[in-house]
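Trainee: A single structure is presented below for examination.
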Amino acid sequence: GAVVSQHPSWVICKSGTSVKIECRSLDFQATTMFWYRQFPKQSLMLMATSNEGSKATYEQGVEKDKFLINHASLTLSTLTVTSAHPEDSSFYICSARLAAQGTDTQYFGPGTRLTVL
Amino acid sequence: AQKVTQAQTEISVVEKEDVTLDCVYETRDTTYYLFWYKQPPSGELVFLIRRNSFDEQNEISGRYSWNFQKSTSSFNFTITASQVVDSAVYFCALSEVYTNAGKSTFGDGTTLTVKP
């Protein structure tokens, strides 16, 4: 099956620093990637939709200046948490949409656990 | 708007018992996908099944089976002869192909604990 990777798998940073998380589709091209956030013992909440070559679309309540998304190629999307604060500590999961040959599904990355001190 | 409801927050069973996890969804689209994912303590989402809205055939995969009923907007998941390794959080998700461009909406999850 299709594989999506995320890097890093976990990161600890100081408050005020910026953190970049990469999401890669390893064996397919994804015109659309999604970024989700999951707080402990909660469900996944969609943060934004990332389309290759265009600006990301953010869900209501998500600060686009704080969570910068770049989708520079068909296999890579990045999420940068700028000036991170402890309340940004969460599990961030990306997914890549594969829509081809009569199928339309998403493949999820393994997630990145961010801890902001 | 799309919505997924998993009414069972937590379920606890003893090993070898059968258990059914409920999922009810809402959508205005006629074309959509339904998913089940398993999330073990490690956090990684494990894909279990995808079902499109035009395929109401039930599916069985080993000890897992799924019952899709469009008439009641339900997509329930049954584990037969549960095992301790089945302990995890299980999420049901809905993806509307056209209205929401494939975005997935997740239920709140059901935490399954299988005791030896």
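Residue numbering restarts at 1 for every chain of the structure tokens, chains are lettered A, B, ... in their displayed order, and ligands are numbered from 1 as they appear.
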Contacts between chain A and chain B, please, where a residue of chain B counts if it comes within 7 Å (with only C-alpha atoms); show its shortest atom pair and distance in Å to one decimal, rows by chain and ascending number, as CSV.

Mentor:
residue,atom,partner,partner_atom,distance
B:Glu44,CA,A:Pro110,CA,4.6
B:Leu45,CA,A:Pro110,CA,6.5
B:Phe106,CA,A:Leu44,CA,6.3
B:Gly107,CA,A:Ser43,CA,6.7
B:Asp108,CA,A:Ser43,CA,4.9
B:Gly109,CA,A:Ser43,CA,6.3

Trainee: Give me, as a VMD selection string, all polymer residues having an atom no more than 7 Å from A:Ser83, counting only C-alpha atoms and skipping those fewer than 2 positions away in the same chain.

Mentor: chain A and resid 15 to 18 81 85

Trainee: Would you list the contacts of B:Lys38 as a VMD selection string, taking every protein, DNA or RNA residue within 6 Å and counting only C-alpha atoms, but skipping same-chain residues closer than 3 positions in sequence?

Mentor: chain B and resid 45 to 46 89 to 90

Trainee: I need the residue nearest B:Val97 from this list: B:Ile60, B:Ala81, B:Leu21, B:Leu34. Use only C-alpha atoms for the distance.

Mentor: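 When distances to B:Val97 are compared using only C-alpha atoms, the smallest one comes from B:Leu34.
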